[in-house]
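Q: For reference, the file structure.cif (mmCIF, C-alpha atoms) is included below:
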```
data_coords
#
loop_
_atom_site.label_atom_id
_atom_site.label_comp_id
_atom_site.auth_asym_id
_atom_site.auth_seq_id
_atom_site.Cartn_x
_atom_site.Cartn_y
_atom_site.Cartn_z
CA MET A 299 -52.91 29.93 -43.20
CA ILE A 300 -53.15 30.87 -46.84
CA ASN A 301 -52.40 34.45 -45.94
CA PHE A 302 -49.02 33.58 -44.49
CA PHE A 303 -48.11 31.39 -47.42
CA GLN A 304 -48.78 34.37 -49.65
CA ASP A 305 -46.17 36.31 -47.70
CA LEU A 306 -43.45 33.81 -48.61
CA ASP A 307 -41.08 35.24 -51.18
CA LYS A 308 -40.51 33.23 -54.34
CA ALA A 309 -36.96 34.60 -54.57
CA PHE A 310 -36.12 32.76 -51.37
CA ASP A 311 -37.71 29.40 -52.12
CA ASN A 312 -34.26 28.07 -52.96
CA LYS A 313 -31.90 27.04 -50.20
CA ILE A 314 -28.85 28.68 -51.79
CA ARG A 315 -30.55 32.03 -52.35
CA LEU A 316 -31.87 31.88 -48.79
CA GLY A 317 -28.31 31.22 -47.60
CA ILE A 318 -26.80 34.09 -49.60
CA MET A 319 -29.38 36.48 -48.22
CA SER A 320 -28.84 35.22 -44.63
CA VAL A 321 -25.13 35.96 -44.92
CA LEU A 322 -25.75 39.41 -46.38
CA MET A 323 -28.23 40.27 -43.63
CA VAL A 324 -25.51 40.09 -40.96
CA ASN A 325 -22.49 41.27 -42.98
CA GLU A 326 -22.12 44.68 -44.55
CA PHE A 327 -20.16 43.35 -47.52
CA VAL A 328 -19.25 39.85 -48.57
CA ASP A 329 -17.11 39.04 -51.59
CA PHE A 330 -17.60 36.27 -54.08
CA THR A 331 -14.95 33.89 -52.76
CA GLU A 332 -16.15 34.26 -49.17
CA LEU A 333 -19.68 33.36 -50.23
CA LYS A 334 -18.40 30.44 -52.25
CA GLN A 335 -16.46 29.10 -49.25
CA LEU A 336 -19.30 29.61 -46.82
CA MET A 337 -21.81 27.75 -48.95
CA SER A 338 -19.33 25.32 -50.51
CA LEU A 339 -20.54 25.96 -54.03
CA THR A 340 -19.03 26.10 -57.48
CA ASP A 341 -18.49 29.43 -59.26
CA GLY A 342 -21.23 28.88 -61.82
CA ASN A 343 -23.82 27.71 -59.36
CA LEU A 344 -23.29 30.65 -57.04
CA ALA A 345 -23.21 33.16 -59.91
CA SER A 346 -26.58 32.08 -61.26
CA HIS A 347 -28.26 32.44 -57.88
CA ILE A 348 -26.60 35.80 -57.31
CA LYS A 349 -27.92 36.96 -60.65
CA ALA A 350 -31.44 35.96 -59.67
CA LEU A 351 -31.23 37.97 -56.46
CA GLU A 352 -29.70 40.88 -58.34
CA LYS A 353 -32.57 40.86 -60.80
CA ALA A 354 -35.04 41.05 -57.92
CA ASN A 355 -33.12 44.12 -56.71
CA TYR A 356 -32.42 42.37 -53.42
CA ILE A 357 -28.64 42.62 -53.59
CA SER A 358 -26.26 45.19 -55.00
CA VAL A 359 -22.92 44.49 -56.60
CA LYS A 360 -19.74 46.52 -56.28
CA LYS A 361 -16.84 45.68 -58.55
CA SER A 362 -13.35 46.86 -57.76
CA PHE A 363 -9.73 45.84 -58.07
CA LEU A 364 -7.51 44.55 -55.30
CA GLY A 365 -4.16 45.22 -56.91
CA ARG A 366 -4.66 43.49 -60.23
CA LYS A 367 -7.22 40.99 -59.07
CA PRO A 368 -10.85 41.83 -59.70
CA ASN A 369 -12.89 41.79 -56.54
CA THR A 370 -16.67 41.65 -56.46
CA LYS A 371 -18.47 42.59 -53.30
CA TYR A 372 -22.12 42.04 -52.57
CA SER A 373 -24.44 43.66 -50.09
CA ALA A 374 -28.14 43.47 -49.36
CA THR A 375 -30.27 46.38 -50.55
CA GLU A 376 -32.88 47.97 -48.30
CA GLN A 377 -35.55 46.34 -50.43
CA GLY A 378 -33.87 42.97 -50.02
CA LYS A 379 -33.60 43.31 -46.26
CA ILE A 380 -37.28 44.16 -45.94
CA ALA A 381 -38.25 41.25 -48.21
CA PHE A 382 -36.08 38.85 -46.23
CA LYS A 383 -37.53 39.94 -42.90
CA LYS A 384 -41.04 39.52 -44.29
CA HIS A 385 -40.17 36.06 -45.56
CA VAL A 386 -38.72 34.92 -42.22
CA ASP A 387 -41.71 36.38 -40.36
CA ALA A 388 -44.05 34.41 -42.61
CA LEU A 389 -42.08 31.22 -42.02
CA GLU A 390 -42.23 31.68 -38.28
CA LYS A 391 -45.93 32.46 -38.33
CA ILE A 392 -46.70 29.34 -40.33
CA LEU A 393 -44.66 27.30 -37.88
CA LYS A 394 -46.47 28.77 -34.90
CA GLY A 395 -49.70 27.91 -36.64
CA LYS A 396 -51.18 31.35 -36.13
CA GLY A 397 -52.80 31.25 -39.53
CA LEU A 398 -54.65 27.98 -39.00
CA MET B 166 -87.60 -8.61 -42.50
CA THR B 167 -84.28 -9.70 -43.83
CA LYS B 168 -84.41 -6.86 -46.29
CA GLU B 169 -84.82 -4.37 -43.48
CA LYS B 170 -81.97 -5.91 -41.48
CA ASN B 171 -79.78 -5.78 -44.48
CA PHE B 172 -80.56 -2.14 -44.96
CA ILE B 173 -79.63 -1.27 -41.38
CA PHE B 174 -76.42 -3.22 -41.73
CA LEU B 175 -75.53 -1.37 -44.90
CA LYS B 176 -76.28 1.94 -43.27
CA LYS B 177 -73.99 1.06 -40.38
CA LYS B 178 -71.27 -0.01 -42.75
CA LYS B 179 -71.57 3.23 -44.65
CA LYS B 180 -71.26 5.17 -41.44
CA THR B 181 -68.08 3.39 -40.37
CA LEU B 182 -66.67 3.81 -43.84
CA SER B 183 -67.25 7.51 -43.81
CA GLN B 184 -65.74 7.64 -40.35
CA ILE B 185 -62.65 5.85 -41.55
CA GLN B 186 -62.48 8.17 -44.51
CA TYR B 187 -62.77 11.14 -42.24
CA PHE B 188 -60.05 10.01 -39.89
CA SER B 189 -57.68 8.96 -42.64
CA LYS B 190 -58.18 12.34 -44.23
CA PHE B 191 -57.37 13.94 -40.92
CA ALA B 192 -54.25 11.83 -40.51
CA LEU B 193 -53.13 12.63 -44.04
CA CYS B 194 -53.64 16.28 -43.39
CA ASN B 195 -51.58 15.99 -40.23
CA THR B 196 -48.63 14.26 -41.89
CA LYS B 197 -48.75 16.87 -44.62
CA HIS B 198 -48.59 19.48 -41.93
CA PHE B 199 -45.77 17.69 -40.22
CA VAL B 200 -43.70 17.57 -43.40
CA MET B 201 -44.38 21.26 -44.00
CA ASP B 202 -43.35 22.12 -40.43
CA THR B 203 -40.08 20.20 -40.57
CA LYS B 204 -39.30 21.83 -43.91
CA ILE B 205 -39.83 25.28 -42.45
CA GLN B 206 -37.86 24.38 -39.35
CA GLU B 207 -35.02 23.23 -41.57
CA GLU B 208 -35.15 26.49 -43.51
CA LEU B 209 -35.02 28.59 -40.35
CA LYS B 210 -32.16 26.45 -39.08
CA HIS B 211 -30.33 26.99 -42.36
CA ILE B 212 -30.77 30.76 -42.06
CA ARG B 213 -29.49 30.75 -38.50
CA SER B 214 -26.50 28.57 -39.32
CA MET B 215 -25.50 30.70 -42.33
CA MET B 216 -25.70 33.85 -40.21
CA GLU B 217 -23.57 32.23 -37.49
CA LYS B 218 -21.07 30.72 -39.89
CA SER B 219 -20.49 34.03 -41.63
CA THR B 220 -20.01 36.05 -38.45
CA ARG B 221 -18.67 33.70 -35.81
CA PHE B 222 -15.51 31.63 -35.59
CA LEU B 223 -16.67 28.35 -34.11
CA SER B 224 -13.62 26.16 -34.56
CA LEU B 225 -12.02 26.84 -31.19
CA SER B 226 -11.68 23.65 -29.22
CA GLY B 227 -12.02 22.99 -25.52
CA TRP B 228 -8.60 21.36 -25.64
CA ALA B 229 -6.97 24.71 -26.40
CA GLY B 230 -8.48 26.09 -23.19
CA ILE B 231 -7.41 23.11 -21.10
CA MET B 232 -3.86 23.24 -22.50
CA ALA B 233 -3.67 27.02 -21.98
CA GLY B 234 -4.61 26.49 -18.36
CA ILE B 235 -1.98 23.78 -17.91
CA TYR B 236 0.73 25.98 -19.47
CA ALA B 237 -0.27 28.85 -17.18
CA LEU B 238 -0.17 26.67 -14.05
CA THR B 239 3.21 25.19 -15.03
CA GLY B 240 4.55 28.67 -15.70
CA ALA B 241 3.20 29.94 -12.40
CA TYR B 242 4.86 27.04 -10.59
CA PHE B 243 8.27 27.84 -12.10
CA ALA B 244 7.78 31.53 -11.43
CA TYR B 245 6.88 30.75 -7.83
CA ARG B 246 10.02 28.66 -7.38
CA LEU B 247 12.14 31.31 -9.00
CA ILE B 248 10.73 34.14 -6.93
CA TYR B 249 10.75 32.46 -3.54
CA LYS B 250 13.96 30.47 -3.85
CA SER B 251 16.24 33.01 -5.47
CA LYS B 252 18.92 34.68 -3.38
CA THR B 253 17.95 38.18 -4.40
CA ILE B 254 14.43 39.55 -4.31
CA ILE B 255 13.46 39.77 -7.96
CA TYR B 256 10.66 42.16 -7.11
CA TYR B 257 13.19 44.81 -6.08
CA ASP B 258 15.20 44.18 -9.24
CA PHE B 259 12.19 45.33 -11.20
CA VAL B 260 11.54 48.27 -8.90
CA ASP B 261 15.13 49.40 -9.17
CA GLY B 262 15.05 49.03 -12.90
CA LYS B 263 17.80 46.40 -12.76
CA PHE B 264 17.03 43.63 -15.19
CA SER B 265 18.76 40.74 -13.43
CA THR B 266 18.85 37.21 -14.85
CA GLY B 267 16.00 36.27 -12.51
CA ALA B 268 13.87 39.06 -13.91
CA PHE B 269 14.71 38.02 -17.45
CA ILE B 270 13.81 34.38 -16.78
CA LEU B 271 10.50 35.51 -15.32
CA LEU B 272 9.67 37.54 -18.42
CA GLY B 273 10.85 34.60 -20.54
CA ILE B 274 8.40 32.26 -18.78
CA ALA B 275 5.56 34.69 -19.41
CA LEU B 276 6.50 35.00 -23.08
CA ALA B 277 6.81 31.21 -23.46
CA ILE B 278 3.32 30.68 -22.00
CA PHE B 279 1.90 33.28 -24.36
CA VAL B 280 3.53 31.75 -27.46
CA LEU B 281 2.63 28.16 -26.47
CA THR B 282 -1.00 29.11 -25.80
CA LEU B 283 -1.33 30.91 -29.11
CA ALA B 284 0.31 28.04 -31.01
CA THR B 285 -1.96 25.46 -29.34
CA ALA B 286 -5.07 27.49 -30.14
CA LEU B 287 -3.98 27.80 -33.78
CA TYR B 288 -3.07 24.12 -34.05
CA THR B 289 -6.30 22.76 -32.54
CA SER B 290 -8.41 25.22 -34.56
CA SER B 291 -6.72 24.31 -37.83
CA ARG B 292 -7.28 20.64 -37.01
CA THR B 293 -11.01 21.12 -36.40
CA THR B 294 -11.40 23.21 -39.56
CA LYS B 295 -9.54 20.61 -41.60
CA LYS B 296 -11.76 17.86 -40.22
CA ALA B 297 -14.85 19.82 -41.21
CA ASN B 298 -13.27 20.66 -44.57
CA LYS B 299 -13.46 24.36 -43.88
CA LYS B 300 -10.93 27.15 -44.09
CA LEU B 301 -9.19 28.53 -41.01
CA TRP B 302 -8.81 32.15 -42.13
CA THR B 303 -12.44 33.01 -42.67
CA PRO B 304 -13.54 36.65 -42.40
CA ALA B 305 -15.07 35.68 -39.05
CA ALA B 306 -11.71 34.44 -37.76
CA ILE B 307 -9.97 37.64 -38.85
CA LYS B 308 -12.66 39.74 -37.19
CA LEU B 309 -12.25 37.72 -33.98
CA ILE B 310 -8.47 38.19 -33.87
CA TYR B 311 -8.70 41.87 -34.77
CA ASN B 312 -11.23 42.58 -32.02
CA MET B 313 -9.34 40.58 -29.41
CA ALA B 314 -6.07 42.25 -30.33
CA ILE B 315 -7.25 45.77 -29.48
CA PRO B 316 -7.57 45.36 -25.69
CA LEU B 317 -4.69 42.87 -25.60
CA VAL B 318 -2.25 45.27 -27.26
CA VAL B 319 -3.35 48.13 -25.01
CA GLY B 320 -3.02 45.91 -21.93
CA GLY B 321 0.36 44.65 -23.11
CA ILE B 322 1.75 48.15 -23.60
CA LEU B 323 0.39 49.21 -20.21
CA SER B 324 2.05 46.17 -18.59
CA ILE B 325 5.40 47.05 -20.17
CA ILE B 326 5.06 50.61 -18.90
CA LEU B 327 4.20 49.32 -15.41
CA ILE B 328 7.27 47.06 -15.44
CA LEU B 329 9.50 49.92 -16.60
CA LYS B 330 8.09 52.19 -13.92
CA GLY B 331 8.56 49.56 -11.22
CA THR B 332 4.89 49.16 -10.32
CA ILE B 333 5.10 45.39 -10.64
CA GLY B 334 2.22 44.76 -8.27
CA LEU B 335 -0.25 45.95 -10.88
CA VAL B 336 1.02 43.84 -13.80
CA ALA B 337 -0.91 40.67 -12.94
CA PRO B 338 -4.23 42.50 -12.34
CA VAL B 339 -3.80 44.55 -15.53
CA THR B 340 -3.15 41.47 -17.69
CA LEU B 341 -6.20 39.74 -16.17
CA ILE B 342 -8.47 42.75 -16.67
CA PHE B 343 -7.46 43.44 -20.27
CA TYR B 344 -7.59 39.76 -21.18
CA GLY B 345 -11.10 39.61 -19.70
CA LEU B 346 -12.14 42.65 -21.73
CA SER B 347 -10.81 41.09 -24.92
CA LEU B 348 -12.84 37.93 -24.21
CA ILE B 349 -15.98 40.00 -23.67
CA LEU B 350 -15.40 41.63 -27.06
CA ALA B 351 -14.61 38.26 -28.62
CA ALA B 352 -18.00 36.88 -27.55
CA ASN B 353 -19.58 38.61 -30.55
CA TYR B 354 -17.35 36.76 -32.98
CA THR B 355 -17.11 33.26 -31.48
CA TYR B 356 -19.00 31.19 -28.90
CA GLY B 357 -21.16 33.63 -26.94
CA ASN B 358 -20.42 31.97 -23.60
CA VAL B 359 -16.80 33.15 -23.74
CA LYS B 360 -18.24 36.37 -22.33
CA ILE B 361 -18.81 34.63 -18.99
CA LEU B 362 -15.14 33.66 -18.80
CA GLY B 363 -14.26 37.27 -19.67
CA ILE B 364 -16.43 38.67 -16.88
CA PHE B 365 -14.80 36.32 -14.38
CA GLU B 366 -11.32 37.36 -15.54
CA VAL B 367 -12.17 41.05 -15.12
CA ILE B 368 -13.63 40.47 -11.64
CA ILE B 369 -10.61 38.50 -10.49
CA GLY B 370 -8.35 41.16 -12.02
CA LEU B 371 -10.10 43.85 -9.99
CA ILE B 372 -9.82 41.77 -6.81
CA ALA B 373 -6.12 41.19 -7.55
CA SER B 374 -5.53 44.92 -7.98
CA TYR B 375 -6.90 45.43 -4.46
CA TYR B 376 -4.91 42.59 -2.88
CA GLN B 377 -1.56 43.45 -4.41
CA GLY B 378 1.25 41.09 -3.62
CA TYR B 379 -0.83 38.02 -4.40
CA GLY B 380 -0.43 38.63 -8.12
CA LEU B 381 0.97 35.23 -8.94
CA PHE B 382 -1.81 33.45 -7.07
CA PHE B 383 -4.56 35.39 -8.86
CA TRP B 384 -2.74 35.02 -12.15
CA ALA B 385 -2.60 31.22 -11.72
CA LEU B 386 -6.28 31.20 -10.79
CA GLY B 387 -7.40 33.39 -13.71
CA PHE B 388 -5.21 32.05 -16.48
CA GLY B 389 -4.79 28.51 -15.14
CA ILE B 390 -7.81 27.21 -13.25
CA PHE B 391 -10.42 29.30 -15.12
CA HIS B 392 -9.10 28.18 -18.51
CA ILE B 393 -9.11 24.52 -17.49
CA ILE B 394 -12.68 24.75 -16.16
CA TYR B 395 -13.89 26.58 -19.26
CA GLY B 396 -12.00 24.20 -21.56
CA ILE B 397 -13.55 21.13 -19.94
CA PHE B 398 -16.99 22.74 -20.13
CA MET B 399 -16.52 23.49 -23.86
CA TYR B 400 -15.12 20.04 -24.54
CA LEU B 401 -18.11 18.36 -22.92
CA LYS B 402 -20.58 20.68 -24.61
CA TYR B 403 -19.25 20.47 -28.17
CA LYS B 404 -17.19 17.27 -27.97
CA LYS B 405 -14.11 18.75 -29.57
#
```
In structure tokens, what does this structure look like?

A:
Amino acid sequence: MINFFQDLDKAFDNKIRLGIMSVLMVNEFVDFTELKQLMSLTDGNLASHIKALEKANYISVKKSFLGRKPNTKYSATEQGKIAFKKHVDALEKILKGKGL
Amino acid sequence: MTKEKNFIFLKKKKKTLSQIQYFSKFALCNTKHFVMDTKIQEELKHIRSMMEKSTRFLSLSGWAGIMAGIYALTGAYFAYRLIYKSKTIIYYDFVDGKFSTGAFILLGIALAIFVLTLATALYTSSRTTKKANKKLWTPAAIKLIYNMAIPLVVGGILSIILILKGTIGLVAPVTLIFYGLSLILAANYTYGNVKILGIFEVIIGLIASYYQGYGLFFWALGFGIFHIIYGIFMYLKYKK
């Protein structure tokens, strides 16, 4: 059991970060406002969690302009995708009780 | 003697105590486990729901399907009356390339059904999204419309060409087939079971293309009856 708990990723122990990563796993790019709407969060709250994931190198940021409006797009990095899969696998294994 | 008895009694008591301790420990461990399990289940559920929410448009209501079916059946009824009670044979008007009033009314009915269906779908969807305090034009909704539009536009253009060329018999099957294909594509961006409806529409479209001349009947079945059945099924399943 302890083994599987070790596989859990600290970056995903927060529900919001887990949510952001879930969205990025199934979408190539998602912009800031889309994420905000999906998770019903405030700007500041979302930004801080995005920063944490960025620091872990799990997501990459692409800044551009749509006309005059700044547009920030996020996508999951390869490293992030692998980490997320490992995390979900560990969760499922704990649930199945394989590690007991 | 009494001392000895006392000792045995104490020993027994100790044993039961340790047993109680053991079982309570076990129970505690179990509840701890239970809490952990529900927490993990919740997390997995959260992951699944975020993935669905960000890729699928799930605000379509069963009512839209039921209403679409009713519009189609009403339209088919009027078309039937028009075709079989008019003095001229509208079918030949199309074949000859003469756009008589009868032919125009027929196309008008079709257009009215299309607009009404679309408007109802938009209205019911916007109502469900408002109730849930969500936005209607999510990226998932745009993806759904974009993917459905591809086969629908192709089928629509083909139908216009068929009408212009006078091959009216194929219009009903073609609309059914292309609509079915668009539903099969749509299944990736909304409720997955819409694929089943799509497959049925394609099958009935193929049958209709074989039995030409029964176009209106198959059209009423595919767009009317199938929509009502699917709409009722969705309404009962999701209660909206």

Q: Using only C-alpha atoms, pick whichever of B:Ser251, B:Thr303, B:Ser324, B:Ser374 has the shortest atom-to-atom distance to chain A.

A: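 When distances to chain A are compared using only C-alpha atoms, the smallest one comes from B:Thr303.
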
Q: Residue by residue, what does the PyMOL selection byres ((chain A and resi 321) around 12) grab here? Present the result as a VMD selection string.

A: (chain A and resid 314 to 320 322 to 330 332 to 337 357 372 to 374 379 382) or (chain B and resid 211 to 221 304 to 305)

Q: Find the residues near Thr266 of chain B: any atom within 12 Å, counting only C-alpha atoms, skip ones fewer than 3 places away on the same chain, and give them as an NGL selection string.

A: :B and (247-248 or 251-255 or 258-259 or 263 or 269-273)

Q: Rounded to one decimal, what separation in Å do you get between atom CA of Phe388 of chain B and atom CA of Leu362 of chain B?

A: 10.3 Å

Q: Starting from the displayed file, determine the output of the PyMOL selection byres ((chain B and resi 390) around 9) and express the residue list as a list of chain:residue names.

A: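 Output from the PyMOL selection byres ((chain B and resi 390) around 9), applied to this file: B:Ile231, B:Gly234, B:Ile235, B:Ala237, B:Leu238, B:Ala385, B:Leu386, B:Gly387, B:Phe388, B:Gly389, B:Phe391, B:His392, B:Ile393, B:Ile394, B:Tyr395.
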
Q: Using atom CA of Gly370 of chain B and atom CA of Val339 of chain B as the two end points, give the distance in Å to one decimal.

A: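 Between atom CA of Gly370 of chain B and atom CA of Val339 of chain B the gap is 6.7 Å.
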
Q: Set the distance at 10 Å and use all atoms listed in the file: which residues neighbour Lys360 of chain B once local chain neighbours fewer than 5 positions away are removed? I'd like the list as number ranges by chain.

A: B: 345-353, 355, 365-366

Q: What would segment 316-332 of chain A look like with N, CA, C and O atoms in place, written as a PDB file, keeping the file's coordinate frame?

A:
```pdb
ATOM      1  N   LEU A 316     -31.555  31.592 -50.188  1.00  0.00           N
ATOM      2  CA  LEU A 316     -31.870  31.880 -48.790  1.00  0.00           C
ATOM      3  C   LEU A 316     -30.571  32.041 -47.984  1.00  0.00           C
ATOM      4  O   LEU A 316     -30.441  32.943 -47.156  1.00  0.00           O
ATOM      5  N   GLY A 317     -29.608  31.166 -48.281  1.00  0.00           N
ATOM      6  CA  GLY A 317     -28.310  31.220 -47.600  1.00  0.00           C
ATOM      7  C   GLY A 317     -27.553  32.494 -47.911  1.00  0.00           C
ATOM      8  O   GLY A 317     -27.016  33.147 -47.019  1.00  0.00           O
ATOM      9  N   ILE A 318     -27.506  32.861 -49.188  1.00  0.00           N
ATOM     10  CA  ILE A 318     -26.800  34.090 -49.600  1.00  0.00           C
ATOM     11  C   ILE A 318     -27.384  35.284 -48.857  1.00  0.00           C
ATOM     12  O   ILE A 318     -26.669  36.111 -48.295  1.00  0.00           O
ATOM     13  N   MET A 319     -28.708  35.337 -48.838  1.00  0.00           N
ATOM     14  CA  MET A 319     -29.380  36.480 -48.220  1.00  0.00           C
ATOM     15  C   MET A 319     -29.128  36.484 -46.703  1.00  0.00           C
ATOM     16  O   MET A 319     -28.935  37.553 -46.115  1.00  0.00           O
ATOM     17  N   SER A 320     -29.108  35.298 -46.073  1.00  0.00           N
ATOM     18  CA  SER A 320     -28.840  35.220 -44.630  1.00  0.00           C
ATOM     19  C   SER A 320     -27.474  35.801 -44.305  1.00  0.00           C
ATOM     20  O   SER A 320     -27.306  36.539 -43.341  1.00  0.00           O
ATOM     21  N   VAL A 321     -26.488  35.460 -45.143  1.00  0.00           N
ATOM     22  CA  VAL A 321     -25.130  35.960 -44.920  1.00  0.00           C
ATOM     23  C   VAL A 321     -25.095  37.477 -45.093  1.00  0.00           C
ATOM     24  O   VAL A 321     -24.487  38.192 -44.296  1.00  0.00           O
ATOM     25  N   LEU A 322     -25.785  37.968 -46.110  1.00  0.00           N
ATOM     26  CA  LEU A 322     -25.750  39.410 -46.380  1.00  0.00           C
ATOM     27  C   LEU A 322     -26.550  40.217 -45.354  1.00  0.00           C
ATOM     28  O   LEU A 322     -26.339  41.414 -45.208  1.00  0.00           O
ATOM     29  N   MET A 323     -27.457  39.558 -44.651  1.00  0.00           N
ATOM     30  CA  MET A 323     -28.230  40.270 -43.630  1.00  0.00           C
ATOM     31  C   MET A 323     -27.337  40.656 -42.443  1.00  0.00           C
ATOM     32  O   MET A 323     -27.584  41.651 -41.782  1.00  0.00           O
ATOM     33  N   VAL A 324     -26.331  39.841 -42.155  1.00  0.00           N
ATOM     34  CA  VAL A 324     -25.510  40.090 -40.960  1.00  0.00           C
ATOM     35  C   VAL A 324     -24.100  40.590 -41.290  1.00  0.00           C
ATOM     36  O   VAL A 324     -23.306  40.836 -40.395  1.00  0.00           O
ATOM     37  N   ASN A 325     -23.795  40.729 -42.590  1.00  0.00           N
ATOM     38  CA  ASN A 325     -22.490  41.270 -42.980  1.00  0.00           C
ATOM     39  C   ASN A 325     -22.711  42.443 -43.925  1.00  0.00           C
ATOM     40  O   ASN A 325     -23.544  42.366 -44.825  1.00  0.00           O
ATOM     41  N   GLU A 326     -21.948  43.515 -43.700  1.00  0.00           N
ATOM     42  CA  GLU A 326     -22.120  44.680 -44.550  1.00  0.00           C
ATOM     43  C   GLU A 326     -21.781  44.351 -46.002  1.00  0.00           C
ATOM     44  O   GLU A 326     -22.545  44.649 -46.913  1.00  0.00           O
ATOM     45  N   PHE A 327     -20.599  43.759 -46.189  1.00  0.00           N
ATOM     46  CA  PHE A 327     -20.160  43.350 -47.520  1.00  0.00           C
ATOM     47  C   PHE A 327     -19.612  41.938 -47.451  1.00  0.00           C
ATOM     48  O   PHE A 327     -18.974  41.565 -46.479  1.00  0.00           O
ATOM     49  N   VAL A 328     -19.868  41.179 -48.475  1.00  0.00           N
ATOM     50  CA  VAL A 328     -19.250  39.850 -48.570  1.00  0.00           C
ATOM     51  C   VAL A 328     -18.786  39.676 -50.007  1.00  0.00           C
ATOM     52  O   VAL A 328     -19.516  40.021 -50.934  1.00  0.00           O
ATOM     53  N   ASP A 329     -17.530  39.211 -50.195  1.00  0.00           N
ATOM     54  CA  ASP A 329     -17.110  39.040 -51.590  1.00  0.00           C
ATOM     55  C   ASP A 329     -17.374  37.628 -52.096  1.00  0.00           C
ATOM     56  O   ASP A 329     -17.764  36.733 -51.348  1.00  0.00           O
ATOM     57  N   PHE A 330     -17.185  37.491 -53.395  1.00  0.00           N
ATOM     58  CA  PHE A 330     -17.600  36.270 -54.080  1.00  0.00           C
ATOM     59  C   PHE A 330     -16.951  35.017 -53.479  1.00  0.00           C
ATOM     60  O   PHE A 330     -17.636  34.023 -53.212  1.00  0.00           O
ATOM     61  N   THR A 331     -15.639  35.091 -53.251  1.00  0.00           N
ATOM     62  CA  THR A 331     -14.950  33.890 -52.760  1.00  0.00           C
ATOM     63  C   THR A 331     -15.396  33.515 -51.347  1.00  0.00           C
ATOM     64  O   THR A 331     -15.503  32.342 -51.022  1.00  0.00           O
ATOM     65  N   GLU A 332     -15.664  34.546 -50.520  1.00  0.00           N
ATOM     66  CA  GLU A 332     -16.150  34.260 -49.170  1.00  0.00           C
ATOM     67  C   GLU A 332     -17.480  33.509 -49.226  1.00  0.00           C
ATOM     68  O   GLU A 332     -17.681  32.519 -48.532  1.00  0.00           O
TER      69      GLU A 332
END
```
